[in-house]
Amino acid sequence: MQSKKILSAAEIRAELARRKISKAQLSRETGIYYPYLIEVLQGHQPATRMRERITDHLMSEELNIPSTLSSQLSTNQER
(Lines give C-alpha, C1' and ligand atoms only; values in the text may rest on other atoms or scores of the structure.)
Protein backbone atom coordinates (compact mmCIF):
# COMPACT_ATOMS: atom_id res chain seq x y z
CA MET A 1 0.00 0.00 0.00
CA GLN A 2 1.35 3.37 -0.98
CA SER A 3 1.01 6.30 1.40
CA LYS A 4 0.15 9.64 -0.10
CA LYS A 5 2.01 12.82 0.74
CA ILE A 6 0.18 15.32 2.89
CA LEU A 7 1.31 18.87 2.22
CA SER A 8 2.77 20.89 5.10
CA ALA A 9 1.26 24.25 6.06
CA ALA A 10 4.07 26.03 4.19
CA GLU A 11 3.54 23.90 1.07
CA ILE A 12 -0.20 24.61 1.15
CA ARG A 13 0.42 28.36 1.46
CA ALA A 14 2.86 28.20 -1.48
CA GLU A 15 0.38 26.23 -3.58
CA LEU A 16 -2.40 28.73 -2.82
CA ALA A 17 -0.13 31.59 -3.88
CA ARG A 18 0.93 29.75 -7.06
CA ARG A 19 -2.69 29.13 -8.02
CA LYS A 20 -3.88 32.55 -6.80
CA ILE A 21 -6.49 30.99 -4.49
CA SER A 22 -7.46 33.00 -1.43
CA LYS A 23 -7.73 31.43 2.02
CA ALA A 24 -11.39 32.46 2.09
CA GLN A 25 -12.00 30.64 -1.20
CA LEU A 26 -10.22 27.54 0.10
CA SER A 27 -12.33 27.70 3.26
CA ARG A 28 -15.55 27.83 1.22
CA GLU A 29 -14.50 25.07 -1.16
CA THR A 30 -13.34 22.66 1.55
CA GLY A 31 -15.93 23.54 4.19
CA ILE A 32 -13.21 24.23 6.77
CA TYR A 33 -14.09 26.97 9.27
CA TYR A 34 -12.05 30.03 8.19
CA PRO A 35 -10.48 30.93 11.59
CA TYR A 36 -9.41 27.30 12.04
CA LEU A 37 -7.99 27.20 8.50
CA ILE A 38 -5.86 30.26 9.32
CA GLU A 39 -4.47 28.50 12.41
CA VAL A 40 -3.68 25.41 10.35
CA LEU A 41 -1.94 27.44 7.62
CA GLN A 42 0.08 29.39 10.18
CA GLY A 43 1.25 26.11 11.69
CA HIS A 44 -0.39 26.68 15.09
CA GLN A 45 -2.35 23.43 14.71
CA PRO A 46 -0.78 20.19 13.43
CA ALA A 47 -4.19 19.27 11.94
CA THR A 48 -3.02 16.32 9.88
CA ARG A 49 -6.55 15.43 8.78
CA MET A 50 -7.33 19.01 7.74
CA ARG A 51 -4.07 19.25 5.80
CA GLU A 52 -4.91 15.92 4.17
CA ARG A 53 -8.35 17.28 3.24
CA ILE A 54 -6.77 20.41 1.75
CA THR A 55 -4.16 18.32 -0.09
CA ASP A 56 -6.90 16.13 -1.58
CA HIS A 57 -8.84 19.22 -2.63
CA LEU A 58 -5.82 20.84 -4.29
CA MET A 59 -4.86 17.61 -6.06
CA SER A 60 -8.41 17.12 -7.35
CA GLU A 61 -8.39 20.69 -8.69
CA GLU A 62 -5.09 19.98 -10.38
CA LEU A 63 -6.68 17.00 -12.12
CA ASN A 64 -9.87 19.02 -12.76
CA ILE A 65 -12.15 16.54 -10.99
CA PRO A 66 -14.47 17.18 -8.04
CA SER A 67 -13.01 16.49 -4.56
CA THR A 68 -15.61 13.85 -3.79
CA LEU A 69 -14.71 11.93 -6.92
CA SER A 70 -11.01 12.18 -6.07
CA SER A 71 -11.60 10.70 -2.61
CA GLN A 72 -13.69 7.92 -4.13
CA LEU A 73 -10.90 7.14 -6.58
CA SER A 74 -8.27 6.97 -3.82
CA THR A 75 -10.58 4.76 -1.71
CA ASN A 76 -11.10 2.38 -4.62
CA GLN A 77 -7.35 2.18 -5.27
CA GLU A 78 -6.72 1.14 -1.66
CA ARG A 79 -8.99 -1.91 -1.97
# chains A, B, ... in the order shown; residues from 1 in each chain; ligands from 1

call {"tool": "residues_around", "arguments": {"residues": "Gln42 of chain A", "least_positions_apart": "4", "cutoff": "12 Å", "atoms": "only C-alpha atoms", "output": "tab-separated table (two decimals) with N, CA and C atoms, in the first residue's frame"}}
result
chain	number	residue	atom	x	y	z
A	8	SER	N	2.57	20.13	3.86
A	8	SER	CA	2.77	20.89	5.10
A	8	SER	C	2.03	22.22	4.96
A	9	ALA	N	1.92	22.94	6.08
A	9	ALA	CA	1.26	24.25	6.06
A	9	ALA	C	1.97	25.18	5.08
A	10	ALA	N	3.30	25.17	5.09
A	10	ALA	CA	4.07	26.03	4.19
A	10	ALA	C	3.84	25.65	2.73
A	11	GLU	N	3.77	24.35	2.45
A	11	GLU	CA	3.54	23.90	1.07
A	11	GLU	C	2.14	24.28	0.60
A	12	ILE	N	1.17	24.21	1.50
A	12	ILE	CA	-0.20	24.61	1.15
A	12	ILE	C	-0.24	26.10	0.84
A	13	ARG	N	0.39	26.91	1.70
A	13	ARG	CA	0.42	28.36	1.46
A	13	ARG	C	1.08	28.67	0.11
A	23	LYS	N	-7.41	32.30	0.88
A	23	LYS	CA	-7.73	31.43	2.02
A	23	LYS	C	-9.24	31.35	2.21
A	35	PRO	N	-11.47	30.67	10.53
A	35	PRO	CA	-10.48	30.93	11.59
A	35	PRO	C	-9.60	29.70	11.89
A	36	TYR	N	-10.19	28.52	11.81
A	36	TYR	CA	-9.41	27.30	12.04
A	36	TYR	C	-8.43	27.07	10.89
A	37	LEU	N	-8.86	27.33	9.66
A	37	LEU	CA	-7.99	27.20	8.50
A	37	LEU	C	-6.76	28.10	8.64
A	38	ILE	N	-6.97	29.32	9.12
A	38	ILE	CA	-5.86	30.26	9.32
A	38	ILE	C	-4.86	29.68	10.32
A	46	PRO	N	-1.35	21.21	14.32
A	46	PRO	CA	-0.78	20.19	13.43
A	46	PRO	C	-1.80	19.73	12.38
A	47	ALA	N	-3.03	19.51	12.82
A	47	ALA	CA	-4.19	19.27	11.94
A	47	ALA	C	-3.89	18.39	10.74
A	51	ARG	N	-5.06	19.08	6.87
A	51	ARG	CA	-4.07	19.25	5.80
A	51	ARG	C	-4.25	18.19	4.74

call {"tool": "residues_around", "arguments": {"residues": "Ser22 of chain A", "least_positions_apart": "3", "cutoff": "12 Å", "atoms": "only C-alpha atoms", "output": "list in words"}}
result
Ile12, Arg13, Ala14, Glu15, Leu16, Ala17, Arg18, Arg19, Gln25, Leu26, Ser27, Arg28, Glu29, Tyr34, Leu37, Ile38 and Leu41 of chain A

call {"tool": "atom_distance", "arguments": {"atom1": "atom CA of Val40 of chain A", "atom2": "atom CA of Ile54 of chain A"}}
result
10.4 Å
